[in-house]
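Structure data follow from final12.pdb (PDB, C-alpha atoms):
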```pdb
ATOM      1  CA  MET A  16      14.861  -6.354 -33.767
ATOM      2  CA  ASN A  17      11.282  -5.263 -34.277
ATOM      3  CA  ILE A  18       9.994  -8.269 -32.365
ATOM      4  CA  LEU A  19      12.333  -7.302 -29.534
ATOM      5  CA  SER A  20      10.667  -3.911 -29.259
ATOM      6  CA  VAL A  21       7.249  -5.502 -28.829
ATOM      7  CA  VAL A  22       8.690  -7.787 -26.165
ATOM      8  CA  SER A  23      10.310  -4.814 -24.414
ATOM      9  CA  GLY A  24       7.066  -2.840 -24.483
ATOM     10  CA  HIS A  25       5.102  -5.785 -23.157
ATOM     11  CA  HIS A  26       7.704  -6.246 -20.465
ATOM     12  CA  GLY A  27       7.125  -2.612 -19.513
ATOM     13  CA  LEU A  28       3.444  -3.454 -19.027
ATOM     14  CA  ALA A  29       4.471  -6.488 -16.953
ATOM     15  CA  VAL A  30       6.635  -4.298 -14.703
ATOM     16  CA  ALA A  31       3.690  -1.908 -14.298
ATOM     17  CA  ALA A  32       1.459  -4.841 -13.332
ATOM     18  CA  ALA A  33       4.020  -6.056 -10.770
ATOM     19  CA  LEU A  34       4.320  -2.590  -9.212
ATOM     20  CA  PHE A  35       0.532  -2.268  -9.129
ATOM     21  CA  ALA A  36       0.274  -5.647  -7.383
ATOM     22  CA  VAL A  37       2.822  -4.532  -4.781
ATOM     23  CA  GLY A  38       0.822  -1.357  -4.139
ATOM     24  CA  LEU A  39      -2.439  -3.315  -3.916
ATOM     25  CA  LEU A  40      -0.793  -5.696  -1.449
ATOM     26  CA  GLY A  41       0.147  -2.708   0.696
ATOM     27  CA  VAL A  42      -3.346  -1.177   0.578
ATOM     28  CA  LEU A  43      -4.963  -4.477   1.529
ATOM     29  CA  THR A  44      -2.552  -5.603   4.255
ATOM     30  CA  ARG A  45      -1.406  -2.453   6.049
ATOM     31  CA  ARG A  46      -3.505  -0.883   8.804
ATOM     32  CA  ASN A  47      -1.412   2.286   9.159
ATOM     33  CA  LEU A  48      -3.104   5.011   7.125
ATOM     34  CA  LEU A  49       0.249   6.527   6.124
ATOM     35  CA  PHE A  50       1.250   3.214   4.547
ATOM     36  CA  VAL A  51      -2.101   2.957   2.795
ATOM     37  CA  LEU A  52      -1.513   6.379   1.196
ATOM     38  CA  LEU A  53       2.047   5.362   0.328
ATOM     39  CA  SER A  54       0.810   2.172  -1.355
ATOM     40  CA  LEU A  55      -1.801   4.176  -3.257
ATOM     41  CA  GLU A  56       1.082   6.292  -4.509
ATOM     42  CA  ILE A  57       2.844   3.154  -5.796
ATOM     43  CA  MET A  58      -0.366   2.047  -7.524
ATOM     44  CA  LEU A  59      -0.894   5.416  -9.245
ATOM     45  CA  ASN A  60       2.731   5.381 -10.341
ATOM     46  CA  ALA A  61       2.297   1.868 -11.768
ATOM     47  CA  ALA A  62      -0.790   2.961 -13.687
ATOM     48  CA  GLY A  63       1.217   5.826 -15.165
ATOM     49  CA  LEU A  64       4.014   3.444 -16.094
ATOM     50  CA  ALA A  65       1.474   1.240 -17.889
ATOM     51  CA  PHE A  66       0.284   4.260 -19.890
ATOM     52  CA  VAL A  67       3.852   5.149 -20.891
ATOM     53  CA  ALA A  68       4.658   1.519 -21.830
ATOM     54  CA  ALA A  69       1.526   1.342 -23.979
ATOM     55  CA  GLY A  70       2.406   4.690 -25.532
ATOM     56  CA  ALA A  71       5.900   3.361 -26.316
ATOM     57  CA  LEU A  72       4.344   0.309 -27.995
ATOM     58  CA  TRP A  73       2.245   2.500 -30.276
ATOM     59  CA  GLY A  74       4.822   5.259 -30.676
ATOM     60  CA  GLN A  75       2.289   7.881 -29.539
ATOM     61  CA  ALA A  76       2.716  10.812 -27.146
ATOM     62  CA  ASP A  77      -0.728  10.280 -25.566
ATOM     63  CA  GLY A  78       0.545   7.760 -23.046
ATOM     64  CA  GLN A  79       3.024  10.235 -21.618
ATOM     65  CA  ILE A  80       0.362  12.953 -21.475
ATOM     66  CA  MET A  81      -1.844  10.601 -19.445
ATOM     67  CA  PHE A  82       1.121  10.114 -17.105
ATOM     68  CA  LEU A  83       1.268  13.875 -16.560
ATOM     69  CA  PHE A  84      -2.450  13.954 -15.701
ATOM     70  CA  ILE A  85      -2.012  11.032 -13.308
ATOM     71  CA  LEU A  86       0.844  12.999 -11.728
ATOM     72  CA  ALA A  87      -1.445  16.015 -11.162
ATOM     73  CA  THR A  88      -4.184  13.788  -9.714
ATOM     74  CA  ALA A  89      -1.708  12.022  -7.433
ATOM     75  CA  ALA A  90      -0.368  15.354  -6.157
ATOM     76  CA  ALA A  91      -3.899  16.593  -5.360
ATOM     77  CA  GLU A  92      -4.828  13.295  -3.723
ATOM     78  CA  THR A  93      -1.663  13.257  -1.613
ATOM     79  CA  ALA A  94      -2.116  16.826  -0.374
ATOM     80  CA  ILE A  95      -5.720  16.260   0.754
ATOM     81  CA  GLY A  96      -5.082  12.733   2.030
ATOM     82  CA  LEU A  97      -2.122  13.748   4.168
ATOM     83  CA  THR A  98      -4.014  16.721   5.624
ATOM     84  CA  LEU A  99      -6.901  14.431   6.592
ATOM     85  CA  LEU A 100      -4.355  12.017   8.053
ATOM     86  CA  LEU A 101      -2.915  14.783  10.240
ATOM     87  CA  ILE A 102      -6.420  15.683  11.447
ATOM     88  CA  VAL A 103      -7.116  12.039  12.283
ATOM     89  CA  PHE A 104      -3.822  11.888  14.173
ATOM     90  CA  ARG A 105      -4.772  15.007  16.164
ATOM     91  CA  GLU A 106      -8.130  13.482  17.047
ATOM     92  CA  LYS A 107      -7.039   9.963  17.893
ATOM     93  CA  ARG A 108      -3.245   9.995  18.408
ATOM     94  CA  ASN A 109      -3.344   6.880  16.261
ATOM     95  CA  LEU A 110      -3.205   6.052  12.573
ATOM     96  CA  ASN A 111      -4.581   2.522  12.723
ATOM     97  CA  SER A 112      -7.559   2.324  10.386
ATOM     98  CA  ASP A 113      -9.386  -0.021  12.782
ATOM     99  CA  ALA A 114      -8.963   2.320  15.737
ATOM    100  CA  ILE A 115     -10.464   5.259  13.848
ATOM    101  CA  ALA A 116     -13.513   3.407  12.542
ATOM    102  CA  ASP A 117     -15.695   5.486  14.891
ATOM    103  CA  VAL A 118     -13.942   8.796  14.343
ATOM    104  CA  PRO A 119     -16.278  11.610  15.453
ATOM    105  CA  HIS A 120     -17.507  14.006  12.861
ATOM    106  CA  VAL A 121     -16.237  17.544  13.210
ATOM    107  CA  SER A 122     -18.572  20.011  11.552
ATOM    108  CA  SER A 123     -17.479  23.303  10.067
ATOM    109  CA  ARG A 124     -18.743  25.006  13.261
ATOM    110  CA  GLY A 125     -16.407  22.881  15.343
ATOM    111  CA  VAL A 126     -19.264  20.931  16.972
ATOM    112  CA  LYS A 127     -18.343  17.322  17.545
ATOM    113  CA  SER A 128     -20.949  14.632  17.224
ATOM    114  CA  ASN A 129     -20.759  10.904  16.828
ATOM    115  CA  HIS A 130     -23.218  10.808  13.969
ATOM    116  CA  PRO A 131     -21.436  11.242  10.633
ATOM    117  CA  PHE A 132     -24.164  13.456   9.138
ATOM    118  CA  GLU A 133     -25.397  15.305  12.208
ATOM    119  CA  GLY A 134     -23.022  18.191  11.663
ATOM    120  CA  ASP A 135     -24.514  18.805   8.238
ATOM    121  CA  LYS A 136     -28.100  19.098   9.443
ATOM    122  CA  PRO A 137     -29.614  22.533   8.899
ATOM    123  CA  VAL A 138     -30.016  24.500  12.114
ATOM    124  CA  ALA A 139     -33.733  24.516  13.035
ATOM    125  CA  ASN A 140     -34.155  28.228  13.766
ATOM    126  CA  SER A 141     -31.909  29.541  11.043
ATOM    127  CA  GLN A 142     -34.753  30.593   8.744
TER     128      GLN A 142
ATOM    129  CA  MET B  23      20.017  -1.116 -23.332
ATOM    130  CA  ASP B  24      17.516  -3.879 -22.711
ATOM    131  CA  LEU B  25      19.706  -4.933 -19.815
ATOM    132  CA  VAL B  26      19.317  -1.463 -18.277
ATOM    133  CA  PHE B  27      15.548  -1.812 -18.542
ATOM    134  CA  TYR B  28      15.468  -5.200 -16.809
ATOM    135  CA  ILE B  29      17.864  -4.220 -13.999
ATOM    136  CA  ALA B  30      16.024  -0.956 -13.309
ATOM    137  CA  SER B  31      12.594  -2.619 -13.300
ATOM    138  CA  ALA B  32      13.808  -5.359 -10.936
ATOM    139  CA  LEU B  33      15.192  -2.692  -8.592
ATOM    140  CA  ALA B  34      11.909  -0.755  -8.765
ATOM    141  CA  VAL B  35       9.745  -3.749  -7.851
ATOM    142  CA  VAL B  36      12.078  -4.936  -5.059
ATOM    143  CA  ALA B  37      12.313  -1.444  -3.544
ATOM    144  CA  ALA B  38       8.520  -1.002  -3.706
ATOM    145  CA  LEU B  39       8.036  -4.360  -1.994
ATOM    146  CA  LEU B  40      10.478  -3.382   0.758
ATOM    147  CA  ALA B  41       8.769   0.027   1.121
ATOM    148  CA  VAL B  42       5.376  -1.593   1.629
ATOM    149  CA  THR B  43       6.631  -4.098   4.213
ATOM    150  CA  ARG B  44       8.674  -1.760   6.470
ATOM    151  CA  ALA B  45       7.513  -1.188  10.033
ATOM    152  CA  GLU B  46       8.791   2.403  10.261
ATOM    153  CA  ALA B  47       7.250   5.034   8.017
ATOM    154  CA  ALA B  48      10.554   6.902   7.562
ATOM    155  CA  HIS B  49      12.325   3.740   6.339
ATOM    156  CA  ALA B  50       9.486   3.018   3.941
ATOM    157  CA  LEU B  51       9.781   6.528   2.511
ATOM    158  CA  VAL B  52      13.500   6.103   1.795
ATOM    159  CA  TRP B  53      12.779   2.825  -0.018
ATOM    160  CA  LEU B  54       9.912   4.414  -1.927
ATOM    161  CA  VAL B  55      12.159   7.241  -3.152
ATOM    162  CA  ALA B  56      14.638   4.603  -4.362
ATOM    163  CA  SER B  57      11.786   2.760  -6.109
ATOM    164  CA  LEU B  58      10.597   5.929  -7.832
ATOM    165  CA  LEU B  59      14.125   6.720  -9.038
ATOM    166  CA  ALA B  60      14.375   3.196 -10.489
ATOM    167  CA  THR B  61      10.973   3.691 -12.138
ATOM    168  CA  ALA B  62      12.321   6.877 -13.691
ATOM    169  CA  ALA B  63      15.156   4.817 -15.207
ATOM    170  CA  VAL B  64      12.561   2.370 -16.584
ATOM    171  CA  LEU B  65      10.611   5.252 -18.129
ATOM    172  CA  PHE B  66      13.840   6.549 -19.652
ATOM    173  CA  THR B  67      14.530   3.223 -21.359
ATOM    174  CA  LEU B  68      10.929   3.147 -22.620
ATOM    175  CA  GLY B  69      11.717   6.247 -24.684
ATOM    176  CA  ALA B  70      10.101   8.813 -22.375
ATOM    177  CA  PRO B  71      12.863  11.143 -21.147
ATOM    178  CA  PHE B  72      10.498  14.037 -20.306
ATOM    179  CA  VAL B  73       8.253  11.850 -18.164
ATOM    180  CA  ALA B  74      11.322  10.320 -16.503
ATOM    181  CA  ALA B  75      12.451  13.820 -15.481
ATOM    182  CA  MET B  76       8.949  14.606 -14.201
ATOM    183  CA  GLU B  77       9.013  11.407 -12.166
ATOM    184  CA  VAL B  78      12.231  12.461 -10.446
ATOM    185  CA  ILE B  79      11.229  16.104  -9.917
ATOM    186  CA  LEU B  80       7.562  15.713  -8.956
ATOM    187  CA  TYR B  81       7.179  12.194  -7.548
ATOM    188  CA  ALA B  82      10.556  11.542  -5.935
ATOM    189  CA  GLY B  83      10.903  15.255  -5.190
ATOM    190  CA  ALA B  84       7.686  17.131  -4.401
ATOM    191  CA  VAL B  85       5.248  14.384  -3.402
ATOM    192  CA  MET B  86       7.815  12.552  -1.288
ATOM    193  CA  VAL B  87       8.688  15.825   0.475
ATOM    194  CA  LEU B  88       5.003  16.061   1.460
ATOM    195  CA  PHE B  89       5.219  12.581   2.946
ATOM    196  CA  VAL B  90       8.480  13.395   4.752
ATOM    197  CA  PHE B  91       6.915  16.536   6.251
ATOM    198  CA  VAL B  92       3.937  14.564   7.528
ATOM    199  CA  VAL B  93       6.200  11.897   9.047
ATOM    200  CA  MET B  94       8.170  14.699  10.725
ATOM    201  CA  MET B  95       4.951  16.192  12.111
ATOM    202  CA  LEU B  96       3.807  12.818  13.414
ATOM    203  CA  ASP B  97       7.181  12.248  15.053
ATOM    204  CA  VAL B  98       7.345  15.760  16.451
ATOM    205  CA  ALA B  99       6.924  14.517  20.014
ATOM    206  CA  ARG B 100      10.155  12.531  19.950
ATOM    207  CA  PRO B 101      12.662  14.137  17.549
ATOM    208  CA  ARG B 102      15.707  12.830  19.408
ATOM    209  CA  GLU B 103      14.633   9.229  19.001
ATOM    210  CA  THR B 104      13.873   9.759  15.334
ATOM    211  CA  ASN B 105      17.270  11.314  14.737
ATOM    212  CA  ARG B 106      19.039   8.454  16.463
ATOM    213  CA  ARG B 107      17.000   5.891  14.522
ATOM    214  CA  LEU B 108      17.783   7.472  11.177
ATOM    215  CA  ALA B 109      21.486   7.791  12.003
ATOM    216  CA  ASN B 110      21.668   4.000  12.147
ATOM    217  CA  PRO B 111      23.415   2.880   8.922
ATOM    218  CA  ARG B 112      21.174  -0.186   8.682
ATOM    219  CA  VAL B 113      18.320   2.142   7.752
ATOM    220  CA  TRP B 114      19.876   3.902   4.784
ATOM    221  CA  LEU B 115      22.498   1.375   3.608
ATOM    222  CA  GLY B 116      20.001  -0.647   1.541
ATOM    223  CA  PRO B 117      18.415   2.275  -0.348
ATOM    224  CA  ALA B 118      21.847   3.875  -0.786
ATOM    225  CA  THR B 119      23.197   0.656  -2.359
ATOM    226  CA  LEU B 120      20.191   0.568  -4.682
ATOM    227  CA  CYS B 121      20.711   4.195  -5.707
ATOM    228  CA  ALA B 122      24.423   3.452  -6.281
ATOM    229  CA  ALA B 123      23.368   0.656  -8.647
ATOM    230  CA  LEU B 124      21.176   3.157 -10.481
ATOM    231  CA  LEU B 125      24.125   5.560 -10.659
ATOM    232  CA  ILE B 126      26.270   2.797 -12.208
ATOM    233  CA  LEU B 127      23.497   2.224 -14.760
ATOM    234  CA  LEU B 128      23.425   5.961 -15.499
ATOM    235  CA  VAL B 129      27.206   6.125 -15.994
ATOM    236  CA  PHE B 130      27.001   3.036 -18.222
ATOM    237  CA  VAL B 131      24.282   4.617 -20.357
ATOM    238  CA  LEU B 132      26.147   7.928 -20.610
ATOM    239  CA  SER B 133      29.425   6.220 -21.532
ATOM    240  CA  ARG B 134      27.662   4.406 -24.368
ATOM    241  CA  ALA B 135      25.872   7.525 -25.617
ATOM    242  CA  THR B 136      26.991   8.686 -29.043
ATOM    243  CA  GLY B 137      24.635  11.606 -29.499
ATOM    244  CA  GLU B 138      22.682   9.875 -32.239
ATOM    245  CA  ALA B 139      18.982   9.123 -32.047
ATOM    246  CA  GLY B 140      18.256   5.818 -30.375
ATOM    247  CA  ASP B 141      21.593   5.440 -28.623
ATOM    248  CA  VAL B 142      20.078   5.504 -25.128
ATOM    249  CA  THR B 143      16.693   3.949 -25.702
ATOM    250  CA  PRO B 144      16.743   0.505 -27.345
ATOM    251  CA  ALA B 145      17.221   0.907 -31.086
ATOM    252  CA  ASP B 146      13.693  -0.238 -31.745
ATOM    253  CA  VAL B 147      11.778   1.809 -29.168
ATOM    254  CA  MET B 148      10.777   5.149 -30.606
ATOM    255  CA  GLU B 149      11.774   8.045 -28.368
ATOM    256  CA  ILE B 150       9.029  10.629 -27.911
ATOM    257  CA  THR B 151      10.507  14.075 -27.517
ATOM    258  CA  PRO B 152       9.271  16.746 -25.073
ATOM    259  CA  LYS B 153       8.392  18.916 -28.079
ATOM    260  CA  ARG B 154       5.912  16.343 -29.372
ATOM    261  CA  ILE B 155       4.367  16.016 -25.908
ATOM    262  CA  GLY B 156       4.054  19.787 -25.551
ATOM    263  CA  VAL B 157       2.445  20.232 -28.946
ATOM    264  CA  THR B 158      -0.107  17.475 -28.295
ATOM    265  CA  LEU B 159      -0.722  18.630 -24.721
ATOM    266  CA  PHE B 160      -1.510  22.228 -25.606
ATOM    267  CA  THR B 161      -3.593  21.548 -28.702
ATOM    268  CA  HIS B 162      -5.404  18.261 -28.411
ATOM    269  CA  TYR B 163      -5.560  18.092 -24.595
ATOM    270  CA  LEU B 164      -5.958  21.806 -23.809
ATOM    271  CA  LEU B 165      -9.295  21.340 -22.024
ATOM    272  CA  ALA B 166      -7.837  18.530 -19.909
ATOM    273  CA  VAL B 167      -4.917  20.788 -18.936
ATOM    274  CA  GLU B 168      -7.381  23.437 -17.741
ATOM    275  CA  LEU B 169      -9.323  20.799 -15.802
ATOM    276  CA  ALA B 170      -6.090  19.554 -14.186
ATOM    277  CA  GLY B 171      -5.401  23.154 -13.151
ATOM    278  CA  MET B 172      -8.874  23.396 -11.592
ATOM    279  CA  LEU B 173      -8.278  20.094  -9.776
ATOM    280  CA  LEU B 174      -5.012  21.360  -8.313
ATOM    281  CA  LEU B 175      -6.699  24.619  -7.267
ATOM    282  CA  ALA B 176      -9.491  22.663  -5.571
ATOM    283  CA  ALA B 177      -6.901  20.508  -3.780
ATOM    284  CA  LEU B 178      -5.055  23.655  -2.678
ATOM    285  CA  VAL B 179      -8.219  25.289  -1.295
ATOM    286  CA  GLY B 180      -9.258  22.052   0.393
ATOM    287  CA  ALA B 181      -5.858  21.518   1.999
ATOM    288  CA  VAL B 182      -5.747  25.134   3.229
ATOM    289  CA  HIS B 183      -9.250  24.829   4.689
ATOM    290  CA  LEU B 184      -8.493  21.564   6.481
ATOM    291  CA  GLY B 185      -5.135  22.931   7.593
ATOM    292  CA  ARG B 186      -6.762  26.019   9.141
ATOM    293  CA  GLN B 187      -8.808  23.779  11.405
ATOM    294  CA  LEU B 188      -5.635  21.909  12.291
ATOM    295  CA  ARG B 189      -3.774  25.106  13.182
ATOM    296  CA  ARG B 190      -6.628  26.426  15.330
ATOM    297  CA  GLU B 191      -6.636  23.218  17.329
ATOM    298  CA  GLY B 192      -2.876  23.267  17.543
ATOM    299  CA  ARG B 193      -2.967  26.723  19.154
ATOM    300  CA  ARG B 194      -5.490  25.543  21.719
ATOM    301  CA  VAL B 195      -3.404  22.538  22.709
TER     302      VAL B 195
END
```
Show this structure as structure tokens.
Amino acid sequence: MNILSVVSGHHGLAVAAALFAVGLLGVLTRRNLLFVLLSLEIMLNAAGLAFVAAGALWGQADGQIMFLFILATAAAETAIGLTLLLIVFREKRNLNSDAIADVPHVSSRGVKSNHPFEGDKPVANSQ
Amino acid sequence: MDLVFYIASALAVVAALLAVTRAEAAHALVWLVASLLATAAVLFTLGAPFVAAMEVILYAGAVMVLFVFVVMMLDVARPRETNRRLANPRVWLGPATLCAALLILLVFVLSRATGEAGDVTPADVMEITPKRIGVTLFTHYLLAVELAGMLLLAALVGAVHLGRQLRREGRRV
């Protein structure tokens, strides 16, 4: 019975690896930014599952605590990522990652320029 | 209970694969919710009931709602079409079948439950109670909890800032 538990825990790690591979497949093959974010979500979830499976193997609570931290990180990442995605959609009416390779930089003053760092240049007569 | 683990993990991987390969974002989201629910069942059988609940509430609930809102905002130009597309049973029949399978698993687990320790998780997997997690989280990992709070605050401020720009442009259009 004890051997079975080790097998079950290792199988949990295997499931996590399979889910991670599925997410990686999505990130690498999809061009739609929404699907890339969605696949990232699957990958983060798989990483959390791996932590919990490892924690179950050792009988420690640390694995589950790491899952909670991954959850917080994933929530923060999703909120920012989806907001950026909406801005990209406003700019380009398109979510294809190839089509937005030359997305113009919008500075905090609302000045558009094609150079990614131009908006961050200090204004010459500001001093 | 090992059988529950294997069925739930197979459902999770299959649903994730289907979510990643869908053409429509809304369909993919429905599959992803099904996958996350199956993952919650896997976590439950691994002796992590608290984390399984968090998975359902935060991942399948809160984070997926964010995604659904964004898909709604992207589709805002053609709501009629979207409604008609989602009313097609072909879209939701698959995920609904998968969730029904999970429900059968749940009923099976509950019918076998005797109230003793280890009746839901496999007899050999040690269940880690929410109390143990809480005690470790707020003693050993207290600094990390504070840092996670700061991270969420930073994400909130960042999202509000980016969203302000979005709203200003929306008013102009």
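Of the listed residues A:Leu39, A:Ala65, A:Ala94, A:Leu49, the one whose atoms come nearest to Leu68 of chain B is A:Ala65, with distances taken using only C-alpha atoms.
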Pull the closest atom pair for each residue of chain B that gets at most 6 Å from chain A, along with the distance in Å to one decimal, counting all atoms listed in the file, ordering rows by chain and then ascending residue number, as JSON lines.
```
{"residue": "B:Val35", "atom": "CA", "partner": "A:Leu34", "partner_atom": "CA", "distance": 5.7}
{"residue": "B:Leu39", "atom": "CA", "partner": "A:Val37", "partner_atom": "CA", "distance": 5.9}
{"residue": "B:Val42", "atom": "CA", "partner": "A:Gly41", "partner_atom": "CA", "distance": 5.4}
{"residue": "B:Asp146", "atom": "CA", "partner": "A:Ser20", "partner_atom": "CA", "distance": 5.4}
{"residue": "B:Val147", "atom": "CA", "partner": "A:Ser20", "partner_atom": "CA", "distance": 5.8}
{"residue": "B:Met148", "atom": "CA", "partner": "A:Gly74", "partner_atom": "CA", "distance": 6.0}
{"residue": "B:Ile155", "atom": "CA", "partner": "A:Ala76", "partner_atom": "CA", "distance": 5.6}
{"residue": "B:Leu174", "atom": "CA", "partner": "A:Ala91", "partner_atom": "CA", "distance": 5.7}
{"residue": "B:Ala177", "atom": "CA", "partner": "A:Ala91", "partner_atom": "CA", "distance": 5.2}
{"residue": "B:Ala181", "atom": "CA", "partner": "A:Ile95", "partner_atom": "CA", "distance": 5.4}
```
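Evaluated against the shown file, the PyMOL selection byres ((chain B and resi 88-91) around 8) gives Thr93, Ala94 and Leu97 of chain A; Ala48, Leu51, Ala84, Val85, Met86, Val87, Val92, Val93, Met94 and Met95 of chain B.
Here atom CA of Gly69 of chain B and atom CA of Thr151 of chain B stand 8.4 Å from one another.
For the pair atom CA of Phe72 of chain B and atom CA of Ala60 of chain B, the interatomic distance is 15.1 Å.
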Inset, instruction - Can you turn the PyMOL selection byres ((chain B and resi 24-31) around 7) into a concrete residue list for this file, as a PyMOL selection string? - result: (chain A and resi 30) or (chain B and resi 23+32-35+60-61+63-64+67+127+144)
Inset, instruction - For Leu115 of chain B, please output as number ranges by chain all residues within 12 Å (counting all atoms listed in the file; exclusion window: fewer than 4 positions along the same chain). - result: B: 49, 52-53, 56, 108-111, 119-122
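Between atom CA of Leu65 of chain B and atom CA of Glu149 of chain B lies a distance of 10.7 Å.
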Inset, instruction - For the structure shown, which residues end up in the PyMOL selection byres ((chain B and resi 78) around 10)? Put them as a ChimeraX atom specification, please? - result: /B:55,58-63,73-77,79-84
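In terms of minimum interatomic distance to Leu55 of chain A, B:Leu54 ranks closest within B:Ala123, B:Leu54, B:Val36, B:Pro71, counting all atoms listed in the file.
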What box, with edges along x, y and z, holds each listed atom of segment 94-108 of chain A when 8 Å is added on every side, and can you state its centre and edge lengths in Å to one decimal, as AutoDock Vina command-line options?
```
--center_x -5.1 --center_y 13.4 --center_z 9.0 --size_x 22.0 --size_y 22.9 --size_z 34.8
```
Will you model N, CA and C atoms for segment 83-104 of chain A and pass it back as a compact mmCIF listing (two decimals), in the coordinates of the input?
```
# COMPACT_ATOMS: atom_id res chain seq x y z
N LEU A 83 1.24 12.54 -17.17
CA LEU A 83 1.27 13.88 -16.56
C LEU A 83 -0.03 14.16 -15.81
N PHE A 84 -1.18 13.73 -16.39
CA PHE A 84 -2.45 13.95 -15.70
C PHE A 84 -2.53 13.12 -14.43
N ILE A 85 -2.03 11.88 -14.51
CA ILE A 85 -2.01 11.03 -13.31
C ILE A 85 -1.15 11.69 -12.24
N LEU A 86 -0.05 12.30 -12.66
CA LEU A 86 0.84 13.00 -11.73
C LEU A 86 0.09 14.12 -11.01
N ALA A 87 -0.68 14.92 -11.77
CA ALA A 87 -1.44 16.02 -11.16
C ALA A 87 -2.47 15.46 -10.19
N THR A 88 -3.17 14.39 -10.59
CA THR A 88 -4.18 13.79 -9.71
C THR A 88 -3.55 13.26 -8.44
N ALA A 89 -2.39 12.60 -8.59
CA ALA A 89 -1.71 12.02 -7.43
C ALA A 89 -1.27 13.13 -6.48
N ALA A 90 -0.80 14.25 -7.02
CA ALA A 90 -0.37 15.35 -6.16
C ALA A 90 -1.55 15.90 -5.37
N ALA A 91 -2.71 16.09 -6.05
CA ALA A 91 -3.90 16.59 -5.36
C ALA A 91 -4.35 15.60 -4.29
N GLU A 92 -4.38 14.33 -4.66
CA GLU A 92 -4.83 13.30 -3.72
C GLU A 92 -3.92 13.24 -2.51
N THR A 93 -2.60 13.34 -2.73
CA THR A 93 -1.66 13.26 -1.61
C THR A 93 -1.83 14.44 -0.67
N ALA A 94 -2.00 15.64 -1.23
CA ALA A 94 -2.12 16.83 -0.37
C ALA A 94 -3.33 16.70 0.54
N ILE A 95 -4.49 16.37 -0.04
CA ILE A 95 -5.72 16.26 0.75
C ILE A 95 -5.62 15.07 1.71
N GLY A 96 -5.15 13.94 1.20
CA GLY A 96 -5.08 12.73 2.03
C GLY A 96 -4.19 12.93 3.24
N LEU A 97 -3.05 13.56 3.05
CA LEU A 97 -2.12 13.75 4.17
C LEU A 97 -2.67 14.75 5.17
N THR A 98 -3.41 15.78 4.69
CA THR A 98 -4.01 16.72 5.62
C THR A 98 -5.06 16.02 6.49
N LEU A 99 -5.90 15.19 5.84
CA LEU A 99 -6.90 14.43 6.59
C LEU A 99 -6.23 13.51 7.60
N LEU A 100 -5.10 12.91 7.17
CA LEU A 100 -4.36 12.02 8.05
C LEU A 100 -3.86 12.76 9.29
N LEU A 101 -3.38 13.99 9.09
CA LEU A 101 -2.92 14.78 10.24
C LEU A 101 -4.07 15.09 11.18
N ILE A 102 -5.26 15.39 10.60
CA ILE A 102 -6.42 15.68 11.45
C ILE A 102 -6.81 14.44 12.25
N VAL A 103 -6.80 13.29 11.58
CA VAL A 103 -7.12 12.04 12.28
C VAL A 103 -6.12 11.80 13.42
N PHE A 104 -4.85 12.10 13.14
CA PHE A 104 -3.82 11.89 14.17
C PHE A 104 -4.06 12.82 15.36
```
